[in-house]
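*Asks:* The structure's right below; bear with me while I get my questions together.
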Amino acid sequence: MPYGAAALAAIKALGVGTALADRLVLGDNIAQTFQFVATGNAELGFVALSQVIDDKSGSRWVVPTDLYSAIRQDAIPDGCGAESAPAKAFLAFPQSVAARAIIACYGYGVE
């Protein structure tokens with residue numbers, strides 16, 4: 001649960017962990033956490049920026065990256081088809097200029 005770990009790190013870094021301890025509800029994953037907030041069952045929540053980047057309703061605060069450890073997104077080949085041309089093309093795509101533009105437009109950093 002990298003998003004949960006990042007959220008807890010940010011809460012701790014902000015010094016509000018004790019004040020919020022009895023009010024925290026943890027989702028099983030980032031999609032469930034988003035659902036809690038989107039349905040109004042949670043007053044606020046830490047969700048992926050990509051889930052709300054195009055939503056102009058409500059408000060949001062982008063958590064400064066110095067409040068949590070980077071969330072790495074990786075892809076690796078698996079199985080006997082890893083050396084196939086389609087697998088190699090699939091793994092190369094995220095490094096392309098087009099893919100990096102898409103990734104950035106949804107709020108993710110690219111290295």
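Naming scheme: A, B, ... for chains in displayed order of the structure tokens; residues 1 onward per chain; ligands 1 onward as shown.
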Give me, as number ranges by chain, all polymer residues having an atom no more than 9 Å from region 25-33 of chain A, counting only C-alpha atoms and skipping those fewer than 5 positions away in the same chain.
*Replies:* A: 1, 3-4, 38, 42, 45-48, 51
*Asks:* Give the answer as one residue: which of A:Leu8, A:Cys105, A:Ile76, A:Ala89 has the shortest atom-to-atom distance to Val52 (chain A), using only C-alpha atoms?
*Replies:*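 The closest residue to Val52 (chain A) is A:Cys105.
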*Asks:* Within 12 Å of Ala87 (chain A), counting only C-alpha atoms, which residues show up once you throw out same-chain ones fewer than 4 positions away? Write them as a PDB file with C-alpha atoms, in the first residue's frame, please.
*Replies:*
```
ATOM      1  CA  ALA A  75       7.289  -2.619 -14.900  1.00  0.00           C
ATOM      2  CA  ILE A  76       9.282  -5.789 -15.344  1.00  0.00           C
ATOM      3  CA  PRO A  77       9.080  -8.632 -17.839  1.00  0.00           C
ATOM      4  CA  ASP A  78       7.755 -11.905 -16.506  1.00  0.00           C
ATOM      5  CA  GLY A  79       7.699 -15.400 -17.893  1.00  0.00           C
ATOM      6  CA  CYS A  80       8.945 -17.029 -21.051  1.00  0.00           C
ATOM      7  CA  GLY A  81       7.622 -14.269 -23.331  1.00  0.00           C
ATOM      8  CA  ALA A  82       9.786 -11.574 -21.762  1.00  0.00           C
ATOM      9  CA  GLU A  83      12.189 -11.557 -24.684  1.00  0.00           C
ATOM     10  CA  LEU A  91       8.216  -2.170 -21.671  1.00  0.00           C
ATOM     11  CA  ALA A  92       9.838   0.475 -23.888  1.00  0.00           C
ATOM     12  CA  PHE A  93       6.636   2.511 -24.323  1.00  0.00           C
TER      13      PHE A  93
END
```
